[in-house]
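Chemist: Sharing input_5.csv, CSV, C-alpha atoms and all ligand atoms:
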```csv
chain,number,residue,atom,x,y,z
A,274,MET,CA,-5.3,6.0,14.4
A,275,ARG,CA,-4.8,4.9,10.8
A,276,ARG,CA,-2.6,1.8,10.4
A,277,PRO,CA,-0.3,2.5,7.5
A,278,MET,CA,-0.3,0.2,4.4
A,279,VAL,CA,2.4,-0.5,1.9
A,280,ALA,CA,1.0,-2.3,-1.2
A,281,GLY,CA,3.1,-3.7,-4.0
A,282,ASN,CA,1.7,-3.4,-7.5
A,283,TRP,CA,3.6,-5.9,-9.6
A,284,LYS,CA,1.8,-4.8,-12.8
A,285,MET,CA,2.5,-7.3,-15.6
A,286,ASN,CA,5.7,-8.7,-14.2
A,287,GLY,CA,6.8,-12.0,-12.7
A,288,ASN,CA,6.4,-15.7,-12.9
A,289,ARG,CA,6.0,-18.4,-10.2
A,290,GLU,CA,9.7,-18.7,-9.6
A,291,MET,CA,10.2,-15.0,-9.2
A,292,ALA,CA,7.1,-14.8,-6.9
A,293,GLY,CA,8.4,-17.6,-4.7
A,294,ASN,CA,11.8,-15.9,-4.3
A,295,LEU,CA,10.3,-12.4,-3.7
A,296,ILE,CA,7.7,-13.5,-1.1
A,297,SER,CA,10.2,-15.5,0.9
A,298,GLU,CA,12.8,-12.7,0.8
A,299,ILE,CA,10.2,-10.1,1.9
A,300,ASP,CA,9.0,-12.4,4.6
A,301,ARG,CA,12.5,-12.8,6.0
A,302,GLY,CA,12.8,-9.1,6.3
A,303,LEU,CA,9.4,-8.6,8.0
A,304,SER,CA,9.8,-8.7,11.8
A,305,VAL,CA,6.7,-9.3,13.9
A,306,GLU,CA,6.9,-5.7,15.1
A,307,LEU,CA,7.1,-4.3,11.6
A,308,ALA,CA,4.3,-6.5,10.3
A,309,THR,CA,2.2,-5.5,13.3
A,310,SER,CA,2.5,-1.8,12.7
A,311,VAL,CA,2.3,-1.8,8.9
A,312,GLU,CA,-0.2,-3.7,6.8
A,313,VAL,CA,1.6,-5.3,3.8
A,314,LEU,CA,-0.1,-6.2,0.6
A,315,VAL,CA,1.1,-7.7,-2.7
A,316,CYS,CA,-0.9,-7.4,-5.9
A,317,PRO,CA,0.5,-9.9,-8.5
A,318,PRO,CA,-0.9,-10.5,-12.0
A,319,TYR,CA,-4.1,-12.6,-12.1
A,320,VAL,CA,-2.4,-15.8,-13.1
A,321,LEU,CA,0.0,-15.6,-10.1
A,322,LEU,CA,-2.7,-14.8,-7.5
A,323,GLU,CA,-3.5,-18.3,-6.4
A,324,SER,CA,0.2,-19.5,-6.1
A,325,THR,CA,1.3,-16.2,-4.5
A,326,GLY,CA,-1.7,-16.4,-2.1
A,327,ALA,CA,-0.5,-19.8,-1.0
A,328,LEU,CA,3.0,-18.5,-0.4
A,329,CYS,CA,1.6,-15.5,1.6
A,330,SER,CA,-0.6,-17.7,3.8
A,331,ASP,CA,2.2,-18.4,6.3
A,332,THR,CA,3.3,-14.8,6.3
A,333,PRO,CA,1.7,-11.5,7.4
A,334,MET,CA,1.3,-10.4,3.8
A,335,LYS,CA,-2.1,-10.0,2.2
A,336,LEU,CA,-3.2,-10.5,-1.3
A,337,GLY,CA,-4.8,-8.1,-3.7
A,338,ALA,CA,-5.6,-7.9,-7.4
A,339,GLN,CA,-4.9,-5.1,-9.9
A,340,ASN,CA,-8.3,-4.9,-11.5
A,341,LEU,CA,-11.7,-6.6,-11.7
A,342,ASP,CA,-14.7,-6.8,-14.1
A,343,ILE,CA,-17.9,-5.3,-12.9
A,344,HIS,CA,-20.0,-8.4,-13.6
A,345,GLU,CA,-20.3,-11.5,-11.5
A,346,SER,CA,-20.0,-14.1,-14.2
A,347,GLY,CA,-21.1,-14.7,-17.8
A,348,ALA,CA,-20.1,-14.1,-21.4
A,349,PHE,CA,-17.2,-11.6,-20.8
A,350,THR,CA,-14.3,-13.3,-22.5
A,351,GLY,CA,-10.9,-12.6,-20.8
A,352,GLU,CA,-12.4,-10.9,-17.8
A,353,ILE,CA,-12.1,-11.7,-14.1
A,354,SER,CA,-14.9,-11.0,-11.5
A,355,GLY,CA,-14.9,-10.0,-7.9
A,356,PRO,CA,-16.1,-13.4,-6.7
A,357,MET,CA,-13.3,-15.1,-8.6
A,358,LEU,CA,-10.8,-12.9,-6.9
A,359,LEU,CA,-12.2,-13.7,-3.5
A,360,ASP,CA,-12.1,-17.4,-4.4
A,361,CYS,CA,-8.3,-17.0,-5.1
A,362,GLY,CA,-7.8,-15.5,-1.6
A,363,CYS,CA,-7.8,-11.8,-2.5
A,364,GLU,CA,-8.9,-9.3,0.2
A,365,TYR,CA,-8.1,-6.1,-1.8
A,366,VAL,CA,-8.3,-4.9,-5.4
A,367,ILE,CA,-6.8,-1.9,-7.1
A,368,VAL,CA,-9.3,0.1,-9.1
A,369,GLY,CA,-8.8,3.0,-11.5
A,370,HIS,CA,-5.0,2.7,-11.8
A,371,SER,CA,-3.8,5.4,-14.2
A,372,GLU,CA,-2.6,2.7,-16.7
A,373,ARG,CA,-6.0,1.3,-16.8
A,374,ARG,CA,-7.6,4.7,-17.3
A,375,ALA,CA,-5.1,5.6,-20.0
A,376,LEU,CA,-4.7,2.3,-21.8
A,377,PHE,CA,-7.8,0.3,-21.2
A,378,GLY,CA,-10.7,2.8,-21.2
A,379,ASP,CA,-11.5,2.9,-17.5
A,380,THR,CA,-13.5,6.1,-17.3
A,381,ASP,CA,-14.3,7.9,-14.0
A,382,GLU,CA,-17.8,6.3,-14.1
A,383,LEU,CA,-16.5,2.8,-14.7
A,384,VAL,CA,-14.0,3.2,-11.9
A,385,GLY,CA,-16.9,4.2,-9.6
A,386,ILE,CA,-18.9,1.1,-10.8
A,387,LYS,CA,-15.8,-1.1,-10.3
A,388,THR,CA,-15.4,0.3,-6.8
A,389,ARG,CA,-19.0,-0.6,-6.0
A,390,ALA,CA,-18.8,-4.0,-7.5
A,391,ALA,CA,-15.7,-4.8,-5.6
A,392,PHE,CA,-17.1,-3.6,-2.3
A,393,GLU,CA,-20.4,-5.4,-2.8
A,394,LYS,CA,-18.6,-8.7,-3.3
A,395,GLY,CA,-16.5,-8.3,-0.1
A,396,LEU,CA,-13.3,-7.0,-1.5
A,397,VAL,CA,-11.7,-3.8,-0.2
A,398,PRO,CA,-11.1,-1.4,-3.1
A,399,ILE,CA,-8.0,0.8,-3.4
A,400,VAL,CA,-9.2,3.6,-5.6
A,401,CYS,CA,-6.5,5.4,-7.6
A,402,VAL,CA,-6.7,9.1,-8.5
A,403,GLY,CA,-4.2,11.5,-9.9
A,404,GLU,CA,-3.6,14.2,-12.5
A,405,THR,CA,-1.3,14.1,-15.6
A,406,GLN,CA,1.6,16.5,-16.1
A,407,GLU,CA,-0.5,18.5,-18.5
A,408,GLU,CA,-3.3,18.9,-16.0
A,409,ARG,CA,-0.9,19.9,-13.2
A,410,GLU,CA,0.7,22.5,-15.5
A,411,LYS,CA,-2.8,23.9,-16.5
A,412,GLY,CA,-3.6,24.3,-12.8
A,413,VAL,CA,-6.5,21.9,-12.8
A,414,MET,CA,-5.1,19.2,-10.5
A,415,ALA,CA,-7.7,19.8,-7.8
A,416,ASN,CA,-10.6,19.7,-10.3
A,417,VAL,CA,-9.3,16.4,-11.8
A,418,VAL,CA,-8.8,14.7,-8.4
A,419,SER,CA,-12.2,16.0,-7.1
A,420,ARG,CA,-13.9,14.8,-10.3
A,421,GLN,CA,-12.4,11.3,-10.0
A,422,LEU,CA,-13.5,11.1,-6.4
A,423,GLU,CA,-17.0,12.5,-7.1
A,424,ALA,CA,-17.6,9.7,-9.6
A,425,VAL,CA,-16.8,7.1,-6.9
A,426,PHE,CA,-19.0,8.9,-4.4
A,427,SER,CA,-21.9,9.0,-6.8
A,428,GLU,CA,-21.7,5.3,-7.7
A,429,THR,CA,-21.3,4.2,-4.1
A,430,GLN,CA,-23.0,6.9,-2.1
A,431,GLY,CA,-19.6,7.1,-0.5
A,432,ASN,CA,-20.4,4.2,1.9
A,433,VAL,CA,-17.3,2.3,0.8
A,434,PHE,CA,-15.3,4.7,2.9
A,435,PRO,CA,-13.6,4.5,5.4
A,436,LYS,CA,-13.0,0.8,4.6
A,437,ALA,CA,-11.9,1.5,1.0
A,438,LEU,CA,-8.6,3.2,0.5
A,439,VAL,CA,-7.6,6.0,-1.8
A,440,ALA,CA,-4.2,6.1,-3.6
A,441,TYR,CA,-3.1,9.4,-4.9
A,442,GLU,CA,-0.8,8.7,-7.8
A,443,PRO,CA,0.2,11.7,-9.9
A,444,VAL,CA,0.5,10.2,-13.4
A,445,TRP,CA,3.6,12.1,-14.1
A,446,ALA,CA,5.4,10.4,-11.2
A,447,ILE,CA,4.5,6.8,-12.1
A,448,GLY,CA,7.4,4.8,-13.3
A,449,THR,CA,9.2,8.0,-14.3
A,450,GLY,CA,11.6,8.4,-11.4
A,451,LEU,CA,10.0,11.8,-10.7
A,452,THR,CA,8.4,11.9,-7.3
A,453,ALA,CA,6.0,14.5,-6.0
A,454,SER,CA,7.7,16.5,-3.3
A,455,GLU,CA,6.6,15.9,0.3
A,456,ALA,CA,4.7,19.3,0.2
A,457,GLN,CA,3.1,18.6,-3.2
A,458,ALA,CA,1.9,15.1,-2.1
A,459,GLN,CA,0.6,16.4,1.3
A,460,GLU,CA,-1.3,19.2,-0.4
A,461,VAL,CA,-3.3,16.7,-2.5
A,462,HIS,CA,-3.7,14.2,0.3
A,463,ALA,CA,-5.2,17.0,2.5
A,464,LEU,CA,-7.5,17.9,-0.4
A,465,ILE,CA,-8.7,14.3,-0.8
A,466,ARG,CA,-9.3,14.1,3.0
A,467,GLU,CA,-11.3,17.3,2.7
A,468,ARG,CA,-13.4,15.8,-0.1
A,469,LEU,CA,-14.0,12.7,2.0
A,470,SER,CA,-15.5,14.9,4.6
A,471,GLN,CA,-18.5,15.3,2.2
A,472,VAL,CA,-19.2,11.6,2.9
A,473,SER,CA,-18.8,11.7,6.6
A,474,ALA,CA,-16.4,12.9,9.4
A,475,GLU,CA,-15.5,9.2,9.9
A,476,ALA,CA,-14.6,8.8,6.2
A,477,ALA,CA,-12.4,11.9,6.4
A,478,ASP,CA,-10.7,10.8,9.6
A,479,SER,CA,-10.3,7.1,9.1
A,480,THR,CA,-9.8,6.5,5.3
A,481,ARG,CA,-6.2,5.6,4.5
A,482,ILE,CA,-4.8,7.6,1.7
A,483,LEU,CA,-1.7,6.0,0.0
A,484,TYR,CA,0.8,7.9,-2.1
A,485,GLY,CA,2.2,6.3,-5.3
A,486,GLY,CA,4.7,7.4,-7.9
A,487,SER,CA,8.3,6.4,-7.9
A,488,VAL,CA,8.5,5.7,-4.1
A,489,LYS,CA,12.0,4.5,-3.3
A,490,PRO,CA,13.7,3.7,0.0
A,491,GLU,CA,15.4,7.2,-0.2
A,492,ASN,CA,12.2,9.2,-0.4
A,493,ALA,CA,9.7,7.0,1.5
A,494,GLU,CA,10.3,8.3,5.0
A,495,GLY,CA,9.8,11.9,4.1
A,496,LEU,CA,6.6,11.2,2.2
A,497,PHE,CA,5.2,8.8,4.8
A,498,GLY,CA,6.0,11.4,7.5
A,499,GLN,CA,3.4,13.8,6.1
A,500,PRO,CA,0.2,14.0,8.3
A,501,ASP,CA,-2.2,12.8,5.6
A,502,ILE,CA,-0.1,10.1,3.9
A,503,ASP,CA,-0.8,6.7,5.3
A,504,GLY,CA,1.6,4.6,3.3
A,505,GLY,CA,2.3,3.8,-0.3
A,506,LEU,CA,1.3,2.0,-3.5
A,507,ILE,CA,4.6,0.9,-4.9
A,508,GLY,CA,5.3,-0.2,-8.5
A,509,GLY,CA,8.8,-0.8,-9.6
A,510,ALA,CA,10.4,-0.9,-6.1
A,511,SER,CA,8.0,-3.6,-5.0
A,512,LEU,CA,9.8,-6.1,-7.3
A,513,HIS,CA,13.0,-5.8,-5.3
A,514,ALA,CA,12.7,-7.4,-1.8
A,515,GLN,CA,15.2,-5.2,0.0
A,516,ASP,CA,13.8,-2.0,-1.4
A,517,PHE,CA,10.2,-3.1,-0.6
A,518,ILE,CA,11.3,-4.0,3.0
A,519,ASP,CA,13.0,-0.6,3.4
A,520,ILE,CA,9.9,1.2,2.2
A,521,ILE,CA,7.7,-0.8,4.6
A,522,SER,CA,10.1,0.1,7.4
A,523,ALA,CA,9.8,3.8,6.5
A,524,ALA,CA,6.0,3.5,7.0
A,525,LYS,CA,6.4,2.3,10.6
A,526,SER,CA,5.4,5.1,12.9
B,601,LIG,C1,2.2,2.2,-9.6
B,601,LIG,O1,2.2,1.5,-10.6
B,601,LIG,O2,1.1,2.3,-8.9
B,601,LIG,C2,3.4,3.0,-9.2
B,601,LIG,C3,3.3,3.9,-8.2
B,601,LIG,O3,4.6,2.7,-9.9
B,601,LIG,P1,6.0,3.2,-9.6
B,601,LIG,O4,6.2,3.0,-8.1
B,601,LIG,O5,6.9,2.3,-10.4
B,601,LIG,O6,6.1,4.6,-10.0
```
Could you quickly redo this structure as structure tokens?

Modeler:
Amino acid sequence: MRRPMVAGNWKMNGNREMAGNLISEIDRGLSVELATSVEVLVCPPYVLLESTGALCSDTPMKLGAQNLDIHESGAFTGEISGPMLLDCGCEYVIVGHSERRALFGDTDELVGIKTRAAFEKGLVPIVCVGETQEEREKGVMANVVSRQLEAVFSETQGNVFPKALVAYEPVWAIGTGLTASEAQAQEVHALIRERLSQVSAEAADSTRILYGGSVKPENAEGLFGQPDIDGGLIGGASLHAQDFIDIISAAKS
């Protein structure tokens, strides 16, 4: 039985005041029953990790980061390492978000190395994969998602799964208001699970695969009701407490 997760990716948004209000509002909406059945994660920007982690410590919410550097320490100005994230109270880290792939040069290989670095340091990676609109139109969606996963398998020998999570985030659905239909999302999640079976039956059965891309309270239940969708990675809607709570409620089985 895979416990669903709903993770909020705040991207480069927020300040301490906003984080304080958001965390306390979300916490008020999280009943014990809801928090028991759904794992809830927030991923604020680096500078808010420590203060947000302190706010989360009396709540069921867990803390994750949005990225990490592959090195442990040293002359890498502006970068943040896995051990630093652990020291701030992070349990999870997002790797290979499409914005990092498109804007900051995170190649498939680098995403694989980041996944390994995170796992070796004791963080749970949430590995993002997904095709662009152009790739979907060309009919190469399956090749792209498989290639992105293969790079992670080859850098980690796959042994990060089933602890690590995969997030399927079609690039054309992120922040655009366009959402993959339930059938489109389920098709790719099933493909990802099939690829995970190359690693092991346990990886295929137990790895949680999140869907991300304009998830809203209105579409969450239908998406999360699909057999291979185990919750969501939420951008914009995670900045609105009531929307985030409604999305979490939709993940409750
Ligand atoms: C994301 O950034 O991972 C994301 C899914 O964003 P949004 O929900 O805003 O599309």

Chemist: Any residue with an atom at most 6 Å from ligand LIG 601 (chain B) counts, using all atoms listed in the file. Which are they? Put them as a list in words.

Modeler: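 Checked against 6 Å with all atoms listed in the file; the hits are Asn282, Ala446, Ile447, Gly448, Gly485, Gly486, Ser487, Val488, Leu506, Ile507, Gly508 and Gly509 of chain A.
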
Chemist: I need the residue nearest Leu359 (chain A) from this list: A:Leu396, A:Ile343, A:Leu376, A:Leu383. Use all atoms listed in the file for the distance.

Modeler: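 When distances to Leu359 (chain A) are compared using all atoms listed in the file, the smallest one comes from A:Leu396.
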
Chemist: Name the closest residue to Asp300 (chain A) among the candidates A:Phe377, A:Phe517, A:Phe434, A:Trp445; distances are taken between atoms, counting only C-alpha atoms.

Modeler: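 Closest residue, counting only C-alpha atoms: A:Phe517.
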
Chemist: May I ask for the distance between CA of Gly385 (chain A) and CA of Gln421 (chain A), given in Å to one decimal place?

Modeler: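 About the pair CA of Gly385 (chain A) and CA of Gln421 (chain A): they are 8.4 Å apart.
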
Chemist: My list of candidates is A:Ala458, A:Met334, A:Leu469, A:Val368. Which is closest to Phe497 (chain A) when distances are computed with only C-alpha atoms?

Modeler: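 With only C-alpha atoms as the atom set, the closest residue is A:Ala458.
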
Chemist: If you measure from CA of Pro317 (chain A) to CA of Asn288 (chain A), what distance in Å do you get, rounded to one decimal?

Modeler: 9.4 Å

Chemist: Between A:Gly412, A:Gly369, A:Gly495, A:Gly302, which is the closest to Ser526 (chain A) once you count only C-alpha atoms?

Modeler: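 Closest residue, counting only C-alpha atoms: A:Gly495.
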
Chemist: Nearest residue to Val311 (chain A) out of A:Leu328, A:Ala437, A:Met278, A:Ile386, using all atoms listed in the file?

Modeler: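 Looking at the shortest contact to Val311 (chain A), the residue is A:Met278.
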
Chemist: Determine the nearest neighbour of Gln459 (chain A) from the options A:Asp478, A:Glu491, A:Asp501, A:Glu410, counting all atoms listed in the file.

Modeler: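 Using all atoms listed in the file, Gln459 (chain A) sits closest to A:Asp501.
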
Chemist: Just the residues within 8 Å of Ser310 (chain A), please, counting only C-alpha atoms, with nothing from its chain fewer than 6 positions along; format it as a list in words.

Modeler: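 Counting only the stated atoms, we get Arg276, Pro277, Lys525 and Ser526 of chain A.
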
Chemist: Quick one: residues within 9 Å of (-9.3, -6.4, -5.1) (file frame), counting all atoms listed in the file, please, as a list in words.

Modeler: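 Taken together, the residues in range are Cys316, Leu336, Gly337, Ala338, Gln339, Asn340, Leu341, Gly355, Leu358, Leu359, Cys363, Glu364, Tyr365, Val366, Ile367, Val368, Ala391, Phe392, Gly395, Leu396, Val397, Pro398 and Ile399 of chain A.
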
Chemist: CA of Glu428 (chain A) and CA of Asp503 (chain A), how far apart in Å?

Modeler: 24.7 Å

Chemist: Arg301 (chain A): which residues within 10 Å, counting all atoms listed in the file, same-chain residues fewer than 5 positions away excluded, as a PyMOL selection string?

Modeler: chain A and resi 295-296+332+514+518

Chemist: Please produce a file of those selected residues containing C-alpha atoms, as a JSON list (two decimals), in the frame of the given file.

Modeler:
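Now in out.json:
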```json
[["chain", "number", "residue", "atom", "x", "y", "z"],
["A", 295, "LEU", "CA", 10.30, -12.40, -3.70],
["A", 296, "ILE", "CA", 7.70, -13.50, -1.10],
["A", 332, "THR", "CA", 3.30, -14.80, 6.30],
["A", 514, "ALA", "CA", 12.70, -7.40, -1.80],
["A", 518, "ILE", "CA", 11.30, -4.00, 3.00]]
```

Chemist: If you count only C-alpha atoms, which residues fall within 9 Å of Pro333 (chain A), apart from same-chain ones fewer than 4 positions away, as a ChimeraX atom specification?

Modeler: /A:300,303,305,308-309,312-314,329

Chemist: I want to know what sits within 7 Å of Val444 (chain A), based on only C-alpha atoms, with residues of the same chain fewer than 5 positions away left out; could you give that as a list in words?

Modeler: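 Returned residues: Ser371, Gly403, Glu404, Thr405 and Gln406 of chain A.
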